[in-house]
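Okay, protein29.pdb now, which holds PDB, C-alpha atoms:
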```
ATOM      1  CA  MET A   1     -39.916  20.946 -35.283
ATOM      2  CA  LYS A   2     -41.938  18.041 -33.862
ATOM      3  CA  LYS A   3     -39.819  15.606 -35.860
ATOM      4  CA  ILE A   4     -36.621  17.066 -34.381
ATOM      5  CA  ILE A   5     -37.971  16.772 -30.816
ATOM      6  CA  LEU A   6     -39.083  13.193 -31.488
ATOM      7  CA  PHE A   7     -35.642  12.369 -32.869
ATOM      8  CA  PHE A   8     -33.891  13.568 -29.695
ATOM      9  CA  ILE A   9     -36.354  11.708 -27.444
ATOM     10  CA  CYS A  10     -35.697   8.480 -29.346
ATOM     11  CA  LEU A  11     -31.953   9.123 -29.216
ATOM     12  CA  ILE A  12     -32.037   9.484 -25.413
ATOM     13  CA  PHE A  13     -34.073   6.324 -24.862
ATOM     14  CA  PHE A  14     -32.164   4.164 -27.315
ATOM     15  CA  THR A  15     -28.805   5.383 -25.957
ATOM     16  CA  GLY A  16     -29.879   4.496 -22.415
ATOM     17  CA  CYS A  17     -30.911   0.993 -23.466
ATOM     18  CA  TYR A  18     -27.660   0.526 -25.303
ATOM     19  CA  ASP A  19     -25.573   1.514 -22.219
ATOM     20  CA  TYR A  20     -27.602  -0.776 -19.958
ATOM     21  CA  GLN A  21     -27.191  -3.698 -22.350
ATOM     22  CA  GLU A  22     -23.487  -2.979 -22.741
ATOM     23  CA  LEU A  23     -22.986  -3.048 -18.924
ATOM     24  CA  ASN A  24     -24.567  -6.507 -18.802
ATOM     25  CA  ASP A  25     -22.040  -7.669 -21.352
ATOM     26  CA  MET A  26     -19.100  -6.590 -19.184
ATOM     27  CA  ASN A  27     -17.097  -8.162 -16.382
ATOM     28  CA  ILE A  28     -17.228  -5.603 -13.573
ATOM     29  CA  VAL A  29     -14.027  -5.519 -11.505
ATOM     30  CA  SER A  30     -14.591  -5.115  -7.755
ATOM     31  CA  GLY A  31     -11.089  -5.860  -6.478
ATOM     32  CA  ILE A  32      -7.550  -5.868  -7.859
ATOM     33  CA  GLY A  33      -4.712  -7.886  -6.354
ATOM     34  CA  ILE A  34      -1.074  -7.334  -7.319
ATOM     35  CA  ASP A  35       1.747  -9.623  -6.209
ATOM     36  CA  TYR A  36       5.427  -9.860  -7.170
ATOM     37  CA  LYS A  37       7.234 -13.204  -7.410
ATOM     38  CA  ASP A  38      10.226 -14.408  -9.403
ATOM     39  CA  ASP A  39      10.701 -10.951 -10.957
ATOM     40  CA  GLU A  40       7.125 -10.939 -12.313
ATOM     41  CA  TYR A  41       3.972  -9.033 -11.437
ATOM     42  CA  ILE A  42       0.978 -11.279 -10.785
ATOM     43  CA  VAL A  43      -2.355  -9.506 -11.250
ATOM     44  CA  SER A  44      -5.667 -10.907 -10.012
ATOM     45  CA  LEU A  45      -8.981  -9.295 -10.986
ATOM     46  CA  GLU A  46     -12.097 -10.132  -8.971
ATOM     47  CA  MET A  47     -15.124 -10.031 -11.290
ATOM     48  CA  VAL A  48     -18.632  -9.594  -9.909
ATOM     49  CA  GLU A  49     -21.711 -10.941 -11.626
ATOM     50  CA  SER A  50     -25.254 -10.375 -10.412
ATOM     51  CA  SER A  51     -28.199 -12.573 -11.342
ATOM     52  CA  LYS A  52     -31.850 -12.756 -10.329
ATOM     53  CA  GLU A  53     -33.459 -15.793  -8.745
ATOM     54  CA  ASP A  54     -36.886 -16.501  -7.303
ATOM     55  CA  SER A  55     -35.572 -15.794  -3.796
ATOM     56  CA  GLY A  56     -33.921 -12.530  -4.868
ATOM     57  CA  SER A  57     -30.681 -11.375  -6.436
ATOM     58  CA  LYS A  58     -27.520 -13.474  -6.243
ATOM     59  CA  ILE A  59     -23.931 -12.281  -6.459
ATOM     60  CA  GLU A  60     -21.223 -14.516  -7.883
ATOM     61  CA  THR A  61     -17.537 -13.775  -8.345
ATOM     62  CA  ASN A  62     -14.661 -15.209 -10.294
ATOM     63  CA  VAL A  63     -10.984 -14.250 -10.514
ATOM     64  CA  ILE A  64      -8.874 -13.965 -13.643
ATOM     65  CA  ASN A  65      -5.096 -13.617 -13.615
ATOM     66  CA  GLY A  66      -2.215 -12.345 -15.662
ATOM     67  CA  LYS A  67       1.521 -12.090 -15.095
ATOM     68  CA  ASP A  68       4.491 -10.421 -16.723
ATOM     69  CA  LYS A  69       7.722  -8.657 -15.842
ATOM     70  CA  ILE A  70       5.998  -5.372 -16.725
ATOM     71  CA  LEU A  71       2.933  -4.382 -14.680
ATOM     72  CA  ALA A  72       0.965  -2.979 -17.621
ATOM     73  CA  ASN A  73       1.500  -6.209 -19.571
ATOM     74  CA  ALA A  74       0.358  -8.309 -16.608
ATOM     75  CA  ILE A  75      -2.856  -6.288 -16.336
ATOM     76  CA  ASN A  76      -3.459  -6.522 -20.076
ATOM     77  CA  GLN A  77      -2.917 -10.280 -19.961
ATOM     78  CA  ALA A  78      -5.564 -10.601 -17.244
ATOM     79  CA  ILE A  79      -7.921  -8.470 -19.330
ATOM     80  CA  ASN A  80      -7.307 -10.667 -22.364
ATOM     81  CA  ASN A  81      -8.160 -13.745 -20.272
ATOM     82  CA  SER A  82     -11.645 -12.366 -19.652
ATOM     83  CA  ASP A  83     -14.530 -13.645 -21.753
ATOM     84  CA  LYS A  84     -16.139 -10.189 -21.705
ATOM     85  CA  LYS A  85     -15.044  -6.596 -21.823
ATOM     86  CA  VAL A  86     -13.517  -5.609 -18.462
ATOM     87  CA  TYR A  87     -14.976  -2.585 -16.630
ATOM     88  CA  PHE A  88     -12.784  -0.913 -13.950
ATOM     89  CA  LYS A  89     -14.936   2.047 -12.862
ATOM     90  CA  HIS A  90     -16.442   0.135  -9.896
ATOM     91  CA  VAL A  91     -13.153  -0.966  -8.314
ATOM     92  CA  ASP A  92     -13.497  -0.757  -4.517
ATOM     93  CA  LEU A  93     -10.274  -2.381  -3.374
ATOM     94  CA  LEU A  94      -6.610  -2.709  -4.323
ATOM     95  CA  ILE A  95      -4.666  -5.422  -2.480
ATOM     96  CA  ILE A  96      -0.876  -5.205  -2.654
ATOM     97  CA  SER A  97       1.177  -8.194  -1.547
ATOM     98  CA  GLU A  98       3.615  -7.827   1.318
ATOM     99  CA  GLN A  99       6.445  -8.917  -0.963
ATOM    100  CA  LEU A 100       5.603  -6.210  -3.495
ATOM    101  CA  ALA A 101       5.205  -3.635  -0.715
ATOM    102  CA  ASN A 102       8.688  -4.508   0.529
ATOM    103  CA  LYS A 103      10.021  -4.013  -3.005
ATOM    104  CA  GLY A 104       8.172  -0.703  -3.381
ATOM    105  CA  ILE A 105       4.743   0.385  -4.622
ATOM    106  CA  GLY A 106       5.810   3.414  -6.631
ATOM    107  CA  ASP A 107       5.253   1.727 -10.015
ATOM    108  CA  VAL A 108       1.824   0.431  -8.954
ATOM    109  CA  VAL A 109       0.380   3.725  -7.722
ATOM    110  CA  ASP A 110       1.907   5.578 -10.662
ATOM    111  CA  TYR A 111       0.284   3.195 -13.159
ATOM    112  CA  ILE A 112      -3.133   3.314 -11.489
ATOM    113  CA  LEU A 113      -3.029   7.079 -11.140
ATOM    114  CA  ARG A 114      -2.331   7.455 -14.862
ATOM    115  CA  ASP A 115      -4.876   4.878 -16.038
ATOM    116  CA  VAL A 116      -8.117   6.815 -16.573
ATOM    117  CA  THR A 117     -10.136   3.593 -16.964
ATOM    118  CA  ILE A 118      -9.611   2.673 -13.288
ATOM    119  CA  SER A 119     -11.647   4.356 -10.555
ATOM    120  CA  SER A 120      -9.567   6.363  -8.070
ATOM    121  CA  SER A 121     -12.046   6.031  -5.176
ATOM    122  CA  PHE A 122     -10.916   2.714  -3.735
ATOM    123  CA  PHE A 123      -9.170   1.469  -0.591
ATOM    124  CA  THR A 124      -5.577   0.278  -0.792
ATOM    125  CA  VAL A 125      -4.462  -2.476   1.603
ATOM    126  CA  VAL A 126      -1.548  -4.880   2.079
ATOM    127  CA  ALA A 127      -1.865  -8.655   2.512
ATOM    128  CA  GLU A 128       0.416 -11.669   2.317
ATOM    129  CA  ASN A 129      -1.321 -13.236  -0.695
ATOM    130  CA  PRO A 130      -3.804 -11.087  -2.674
ATOM    131  CA  GLU A 131      -4.844 -13.879  -5.042
ATOM    132  CA  GLU A 132      -5.689 -16.219  -2.161
ATOM    133  CA  ILE A 133      -7.833 -13.524  -0.541
ATOM    134  CA  LEU A 134      -9.680 -12.596  -3.738
ATOM    135  CA  THR A 135     -10.515 -16.245  -4.471
ATOM    136  CA  THR A 136     -12.142 -16.688  -1.038
ATOM    137  CA  ASP A 137     -15.789 -17.689  -1.462
ATOM    138  CA  ILE A 138     -18.268 -15.489   0.393
ATOM    139  CA  ASP A 139     -21.940 -16.403   0.512
ATOM    140  CA  ASN A 140     -23.781 -14.060  -1.890
ATOM    141  CA  ASP A 141     -21.145 -11.334  -1.651
ATOM    142  CA  SER A 142     -17.661 -10.471  -2.868
ATOM    143  CA  ILE A 143     -14.634 -10.575  -0.591
ATOM    144  CA  SER A 144     -13.756  -7.048  -1.726
ATOM    145  CA  ASN A 145     -17.108  -5.750  -0.476
ATOM    146  CA  LEU A 146     -16.609  -7.532   2.846
ATOM    147  CA  ILE A 147     -13.145  -6.038   3.332
ATOM    148  CA  VAL A 148     -14.332  -2.532   2.420
ATOM    149  CA  ASP A 149     -17.281  -2.786   4.819
ATOM    150  CA  THR A 150     -14.931  -3.951   7.594
ATOM    151  CA  ILE A 151     -12.595  -1.001   7.006
ATOM    152  CA  ARG A 152     -15.496   1.448   7.110
ATOM    153  CA  TYR A 153     -16.829  -0.110  10.291
ATOM    154  CA  ASN A 154     -13.489   0.030  12.129
ATOM    155  CA  VAL A 155     -12.261   3.516  11.212
ATOM    156  CA  ASP A 156     -13.503   6.759   9.738
ATOM    157  CA  ALA A 157     -12.984   5.857   6.099
ATOM    158  CA  SER A 158     -12.839   9.520   5.053
ATOM    159  CA  GLN A 159      -9.502   9.836   6.888
ATOM    160  CA  ILE A 160      -7.764   6.981   5.081
ATOM    161  CA  ASP A 161      -5.383   8.134   2.354
ATOM    162  CA  ASN A 162      -6.781   7.808  -1.160
ATOM    163  CA  ILE A 163      -4.530   7.105  -4.113
ATOM    164  CA  ASP A 164      -3.852  10.829  -4.715
ATOM    165  CA  LEU A 165      -2.702  11.386  -1.109
ATOM    166  CA  ILE A 166      -0.604   8.229  -1.188
ATOM    167  CA  VAL A 167       1.255   9.516  -4.247
ATOM    168  CA  SER A 168       1.529  12.987  -2.718
ATOM    169  CA  ASN A 169       3.030  11.693   0.534
ATOM    170  CA  ILE A 170       5.454   9.431  -1.300
ATOM    171  CA  THR A 171       6.542  12.392  -3.431
ATOM    172  CA  ASN A 172       6.903  15.150  -0.823
ATOM    173  CA  GLU A 173       8.990  12.919   1.504
ATOM    174  CA  ARG A 174       7.880  14.824   4.632
ATOM    175  CA  LYS A 175       5.218  12.365   5.751
ATOM    176  CA  ASP A 176       5.170   8.616   5.269
ATOM    177  CA  ILE A 177       2.187   6.397   4.564
ATOM    178  CA  ALA A 178       0.592   3.455   6.314
ATOM    179  CA  LEU A 179      -1.930   1.036   4.835
ATOM    180  CA  PRO A 180      -4.278  -1.446   6.540
ATOM    181  CA  TYR A 181      -2.799  -4.946   6.721
ATOM    182  CA  ILE A 182      -5.498  -7.519   5.933
ATOM    183  CA  GLU A 183      -5.758 -11.091   7.192
ATOM    184  CA  LEU A 184      -8.584 -13.623   6.898
ATOM    185  CA  ASP A 185      -9.811 -16.046   9.551
ATOM    186  CA  ASP A 186     -12.421 -18.174   7.755
ATOM    187  CA  GLU A 187     -14.750 -15.432   6.463
ATOM    188  CA  ASN A 188     -13.741 -12.885   9.109
ATOM    189  CA  VAL A 189     -11.621  -9.942   8.003
ATOM    190  CA  ILE A 190      -8.946  -9.014  10.553
ATOM    191  CA  ILE A 191      -7.322  -5.572  10.477
ATOM    192  CA  ASP A 192      -5.219  -5.569  13.652
ATOM    193  CA  ASN A 193      -2.085  -4.176  12.013
ATOM    194  CA  ILE A 194      -0.910  -1.526   9.615
ATOM    195  CA  ALA A 195       1.894  -1.814   7.097
ATOM    196  CA  TYR A 196       4.041   1.291   7.381
ATOM    197  CA  PHE A 197       6.369   2.693   4.761
ATOM    198  CA  LYS A 198       9.515   4.712   4.226
ATOM    199  CA  LYS A 199       8.730   6.590   1.033
ATOM    200  CA  SER A 200       7.358   3.892  -1.301
ATOM    201  CA  LYS A 201       8.758   0.824   0.497
ATOM    202  CA  MET A 202       7.130  -1.058   3.351
ATOM    203  CA  VAL A 203       9.528  -1.254   6.294
ATOM    204  CA  GLY A 204       7.397  -2.913   8.982
ATOM    205  CA  LYS A 205       4.064  -3.906  10.527
ATOM    206  CA  ILE A 206       2.688  -2.622  13.805
ATOM    207  CA  ASN A 207      -0.572  -2.800  15.765
ATOM    208  CA  ASN A 208      -2.912  -0.157  14.375
ATOM    209  CA  LYS A 209      -4.386   1.180  17.650
ATOM    210  CA  ILE A 210      -2.033   4.125  18.179
ATOM    211  CA  TYR A 211      -2.064   4.969  14.460
ATOM    212  CA  ASN A 212      -5.866   5.114  14.639
ATOM    213  CA  PHE A 213      -5.587   7.166  17.839
ATOM    214  CA  LEU A 214      -3.026   9.720  16.607
ATOM    215  CA  VAL A 215      -3.434   9.914  12.848
ATOM    216  CA  LEU A 216      -6.959   8.729  12.017
ATOM    217  CA  LYS A 217      -8.386  10.445  15.112
ATOM    218  CA  SER A 218     -10.456   7.387  16.035
ATOM    219  CA  ASN A 219     -12.460   7.520  19.264
ATOM    220  CA  ASN A 220     -13.721   4.720  21.527
ATOM    221  CA  LEU A 221     -10.337   3.060  21.978
ATOM    222  CA  ASP A 222      -9.578   0.999  25.100
ATOM    223  CA  PHE A 223      -6.409   1.362  27.174
ATOM    224  CA  ASP A 224      -5.467  -1.148  29.873
ATOM    225  CA  ASP A 225      -3.399  -0.400  32.982
ATOM    226  CA  ASN A 226      -3.141  -3.125  35.641
ATOM    227  CA  ASP A 227      -6.563  -4.536  34.693
ATOM    228  CA  ASN A 228      -8.107  -1.053  34.691
ATOM    229  CA  VAL A 229      -9.656  -0.710  31.249
ATOM    230  CA  ILE A 230     -10.614   2.819  30.227
ATOM    231  CA  ASN A 231     -12.416   3.657  27.000
ATOM    232  CA  ILE A 232     -11.298   7.002  25.538
ATOM    233  CA  TYR A 233     -14.452   8.273  23.864
ATOM    234  CA  LYS A 234     -13.352  11.849  23.254
ATOM    235  CA  LYS A 235      -9.956  13.390  22.714
ATOM    236  CA  ASP A 236      -8.150  16.473  21.523
ATOM    237  CA  ILE A 237      -4.602  16.122  20.152
ATOM    238  CA  LYS A 238      -2.482  19.164  19.420
ATOM    239  CA  TYR A 239       1.106  19.421  18.186
ATOM    240  CA  ASP A 240       3.133  22.311  19.598
ATOM    241  CA  VAL A 241       6.041  22.746  17.196
ATOM    242  CA  LYS A 242       9.078  24.388  18.773
ATOM    243  CA  LYS A 243      12.395  25.096  17.080
ATOM    244  CA  ASP A 244      14.105  22.332  19.008
ATOM    245  CA  LYS A 245      11.311  19.758  19.500
ATOM    246  CA  ILE A 246       7.666  18.840  18.965
ATOM    247  CA  ILE A 247       5.329  18.545  21.938
ATOM    248  CA  ILE A 248       2.318  16.251  21.571
ATOM    249  CA  ASN A 249      -0.468  17.338  23.934
ATOM    250  CA  ILE A 250      -3.213  14.727  24.332
ATOM    251  CA  ASN A 251      -6.352  15.594  26.312
ATOM    252  CA  GLY A 252      -8.976  12.880  26.668
ATOM    253  CA  MET A 253     -12.259  11.938  28.258
ATOM    254  CA  GLY A 254     -12.659   8.328  29.361
ATOM    255  CA  LYS A 255     -15.156   6.004  30.945
ATOM    256  CA  VAL A 256     -14.489   2.968  33.075
ATOM    257  CA  LYS A 257     -15.071  -0.384  31.396
ATOM    258  CA  LYS A 258     -13.288  -2.547  33.949
ATOM    259  CA  VAL A 259     -11.371  -1.899  37.176
ATOM    260  CA  ASN A 260      -9.014  -3.830  39.370
ATOM    261  CA  THR A 261     -10.763  -5.358  42.389
ATOM    262  CA  ASP A 262      -8.544  -3.251  44.642
ATOM    263  CA  ILE A 263     -10.031  -0.017  43.277
ATOM    264  CA  ASN A 264     -12.831   1.638  45.261
ATOM    265  CA  LEU A 265     -14.992   3.566  42.808
ATOM    266  CA  GLU A 266     -16.651   5.480  45.655
ATOM    267  CA  ASP A 267     -13.319   7.083  46.513
ATOM    268  CA  THR A 268     -12.290  10.212  44.596
ATOM    269  CA  ASN A 269      -8.629   9.411  45.124
ATOM    270  CA  SER A 270      -9.175   6.059  43.414
ATOM    271  CA  TYR A 271     -10.317   7.864  40.268
ATOM    272  CA  LYS A 272      -7.202  10.027  40.410
ATOM    273  CA  GLU A 273      -5.067   6.894  40.729
ATOM    274  CA  VAL A 274      -6.770   5.276  37.718
ATOM    275  CA  GLU A 275      -6.424   8.487  35.698
ATOM    276  CA  LYS A 276      -2.715   8.689  36.456
ATOM    277  CA  GLY A 277      -2.164   5.065  35.461
ATOM    278  CA  ILE A 278      -4.074   5.438  32.183
ATOM    279  CA  GLN A 279      -2.227   8.653  31.351
ATOM    280  CA  GLU A 280       1.089   6.861  31.809
ATOM    281  CA  THR A 281      -0.145   3.907  29.731
ATOM    282  CA  ILE A 282      -1.231   6.126  26.834
ATOM    283  CA  ALA A 283       2.039   8.086  26.930
ATOM    284  CA  THR A 284       4.068   4.858  26.934
ATOM    285  CA  GLU A 285       2.124   3.325  24.035
ATOM    286  CA  VAL A 286       2.361   6.526  21.972
ATOM    287  CA  GLU A 287       6.093   6.842  22.617
ATOM    288  CA  SER A 288       6.677   3.163  21.744
ATOM    289  CA  PHE A 289       4.748   3.551  18.488
ATOM    290  CA  ILE A 290       6.670   6.670  17.474
ATOM    291  CA  GLU A 291      10.019   5.203  18.496
ATOM    292  CA  GLU A 292       9.509   1.943  16.582
ATOM    293  CA  THR A 293       8.437   3.633  13.365
ATOM    294  CA  LEU A 294      11.068   6.387  13.542
ATOM    295  CA  ASN A 295      13.757   3.730  14.061
ATOM    296  CA  GLU A 296      12.773   2.472  10.592
ATOM    297  CA  GLU A 297      12.951   6.094   9.358
ATOM    298  CA  SER A 298       9.182   6.136   8.821
ATOM    299  CA  ASP A 299       7.554   9.441   9.836
ATOM    300  CA  LEU A 300       3.863   8.531  10.037
ATOM    301  CA  ILE A 301       2.789  11.556  12.060
ATOM    302  CA  GLY A 302       4.622  13.905   9.753
ATOM    303  CA  PHE A 303       7.013  15.613  12.173
ATOM    304  CA  LYS A 304       9.045  16.967   9.265
ATOM    305  CA  ASP A 305       5.895  18.270   7.578
ATOM    306  CA  LEU A 306       4.683  19.987  10.776
ATOM    307  CA  TYR A 307       8.084  21.662  11.191
ATOM    308  CA  TYR A 308       8.246  22.686   7.522
ATOM    309  CA  ARG A 309       4.830  24.358   7.625
ATOM    310  CA  ILE A 310       5.912  26.659  10.446
ATOM    311  CA  TYR A 311       9.597  27.275   9.792
ATOM    312  CA  GLY A 312       9.757  26.756   6.022
ATOM    313  CA  LYS A 313      12.579  24.236   6.166
ATOM    314  CA  GLU A 314      13.039  20.553   6.881
ATOM    315  CA  LYS A 315      14.639  19.154   9.997
ATOM    316  CA  ASP A 316      15.455  15.503  10.644
ATOM    317  CA  ASN A 317      15.553  13.622  13.936
ATOM    318  CA  LEU A 318      13.336  16.063  15.808
ATOM    319  CA  PRO A 319      13.045  15.289  19.528
ATOM    320  CA  TYR A 320       9.493  14.959  20.800
ATOM    321  CA  GLU A 321       7.629  15.036  24.085
ATOM    322  CA  VAL A 322       4.301  13.406  24.915
ATOM    323  CA  ASN A 323       1.957  14.972  27.481
ATOM    324  CA  VAL A 324      -1.283  13.171  28.353
ATOM    325  CA  LYS A 325      -4.178  14.415  30.458
ATOM    326  CA  VAL A 326      -7.206  12.133  30.821
ATOM    327  CA  LYS A 327     -10.313  12.776  32.904
ATOM    328  CA  ILE A 328     -12.688   9.943  33.693
ATOM    329  CA  THR A 329     -16.443  10.321  33.973
ATOM    330  CA  ARG A 330     -17.678   9.483  37.464
ATOM    331  CA  ASN A 331     -21.163   8.113  38.074
ATOM    332  CA  GLY A 332     -22.212   9.423  34.677
ATOM    333  CA  ALA A 333     -21.055  12.987  35.418
ATOM    334  CA  ILE A 334     -18.177  14.652  33.572
ATOM    335  CA  TYR A 335     -16.269  16.855  35.968
ATOM    336  CA  GLU A 336     -13.807  18.234  33.422
ATOM    337  CA  THR A 337     -14.320  18.716  29.713
ATOM    338  CA  ILE A 338     -12.247  19.247  26.620
ATOM    339  CA  HIS A 339     -12.837  22.557  24.904
ATOM    340  CA  ASP A 340     -13.145  22.228  21.138
TER     341      ASP A 340
END
```
As structure tokens - that is how I would like this structure written.
Amino acid sequence: MKKIILFFICLIFFTGCYDYQELNDMNIVSGIGIDYKDDEYIVSLEMVESSKEDSGSKIETNVINGKDKILANAINQAINNSDKKVYFKHVDLLIISEQLANKGIGDVVDYILRDVTISSSFFTVVAENPEEILTTDIDNDSISNLIVDTIRYNVDASQIDNIDLIVSNITNERKDIALPYIELDDENVIIDNIAYFKKSKMVGKINNKIYNFLVLKSNNLDFDDNDNVINIYKKDIKYDVKKDKIIININGMGKVKKVNTDINLEDTNSYKEVEKGIQETIATEVESFIEETLNEESDLIGFKDLYYRIYGKEKDNLPYEVNVKVKITRNGAIYETIHD
């Protein structure tokens, strides 16, 4: 009996050492870039290597590439160009080129969803040139980590569609997807825009503020009306789905960040004037966002899905109405609140 117990203890320890040693002999993929040029997929894999120095640990990256008319072959070619076994379970980021997004990302998400060797818990973004981004040198870090950290800092990452939801929304055709559009300025990651889609094809880019406001439910967004800047730090958005239209009711709490010199903050009527202006500004920006995306037949809010859930059938070209009510805190006191 003692020999059997000793055998299992040795098995556990030796197996652990073997796995640890095997991981050191692998190229760990942090980011994947996929482009499409001249009828070929171009795949870039960002590999992360960690080493120890006297001053601490050091992270180095390198990028290997592969290309082919078939996506799976392009990925396999990149893998074959690696000097070590390639490990995909730590992928944090997938960058799709704008050109490929315009062509359609159905094949890409389908491949990644089916490939059990690739982690499914990563962010998907669009950029002009994925390879150029992945080969950007970052001091003791990987560009994929920097982009992921920037996304998490700017929005509630739990609300961004994962690969399963992206496939689901492409398939059900009642709600379209949007992905962060990434740009680099030196080593600064800029995410001012989203790429929005009709089914699996990108049909445009637009500033991401209203998408964050309506869809991702982000708070602490600034709205500007005649130099009056109001920060909306709390909001409640409800969709009232009628048979003939959808009413978007937006209630918000705001605080003054900047006011026009003509505004007297000691005057109650001045607050009412600022509130009215900000309400009109928010309504205009929301309507412009919806109108622009719907003109490209991209339903980012999911009007068709909202209607289907209540009435059990789909309806196109639903009219909508936007109602906004914002109350501004005055001298630190909130005189109206939003009920959760």
Where does the PyMOL selection byres ((chain A and resi 148) around 12) land in this file, that is, which residues does it pick, as a VMD selection string?
chain A and resid 30 to 31 91 to 95 121 to 125 141 to 147 149 to 157 160 180 182 189 to 191
Can you tell me which residues surround stretch 66-77 of chain A at a distance of at most 12 Å, considering all atoms listed in the file, apart from same-chain residues fewer than 3 positions away, and format the answer as a PyMOL selection string?
chain A and resi 32-45+63+80-82+85-86+88+100+105-112+114-115+118+131
Considering all atoms listed in the file, return as a ChimeraX atom specification whatever protein or nucleic-acid residues lie within 9 Å of A:Ile230, sequence-local ones (same chain, fewer than 3 positions apart) excluded.
/A:221-225,254-259,274-275,278,328
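Atom CA of A:Ile177 is found 15.1 Å from atom CA of A:Lys103.
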Please identify all polymer residues within 6 Å of A:Met47, counting only C-alpha atoms, omitting same-chain residues fewer than 2 positions from it, and present them as a PyMOL selection string.
chain A and resi 27-29+61-63
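Running the PyMOL selection byres ((chain A and resi 197) around 7) on this file leaves Asp176, Ile177, Ala178, Ala195, Tyr196, Lys198, Lys199, Ser200, Lys201, Met202, Val203 and Ser298 of chain A selected.
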Atom CA of A:Glu285 to atom CA of A:Lys325, distance in Å rounded to a single decimal:
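Pair atom CA of A:Glu285 / atom CA of A:Lys325 returns 14.3 Å.
For the residues A:Asn208, A:Asn228, A:Asn220, A:Asn193, ranking by smallest atom-to-atom distance to A:Asn264 using all atoms listed in the file places A:Asn228 first.
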Would you work out the distance separating atom CA of A:Leu113 from atom CA of A:Ile163, expressed in Å to one decimal?
7.2 Å
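With all atoms listed in the file as the atoms that count, the minimum distance from A:Asn323 to the choices A:Val286, A:Met26, A:Met253, A:Val229 is reached by A:Val286.
Put simply, the PyMOL selection byres ((chain A and resi 289) around 10) in this file takes in A:Ile206, A:Asn207, A:Asn208, A:Lys209, A:Ile210, A:Tyr211, A:Ala283, A:Thr284, A:Glu285, A:Val286, A:Glu287, A:Ser288, A:Ile290, A:Glu291, A:Glu292, A:Thr293, A:Leu294, A:Leu300.
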Give me the stretch 76-190 of chain A side of the contact with stretch 304-317 of chain A, cut-off 10 Å, one line per residue showing its nearest atom pair and distance in Å at one decimal, counting only C-alpha atoms, sorted by chain and residue number, as CSV.
```
residue,atom,partner,partner_atom,distance
A:Asn172,CA,A:Asp305,CA,9.0
A:Glu173,CA,A:Asp305,CA,8.7
A:Arg174,CA,A:Asp305,CA,4.9
A:Lys175,CA,A:Asp305,CA,6.2
A:Asp176,CA,A:Asp305,CA,10.0
```
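Omitting A:Val324 and its sequence neighbours fewer than 4 positions away, and counting all atoms listed in the file, the residues within 7 Å are Asn249, Ile250, Asn251, Gln279 and Ala283 of chain A.
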Measuring between only C-alpha atoms, which one of A:Ile59, A:Leu179, A:Ile246, A:Ile170 shows the shortest distance to A:Leu318?
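The answer is A:Ile246, which sits nearest to A:Leu318.
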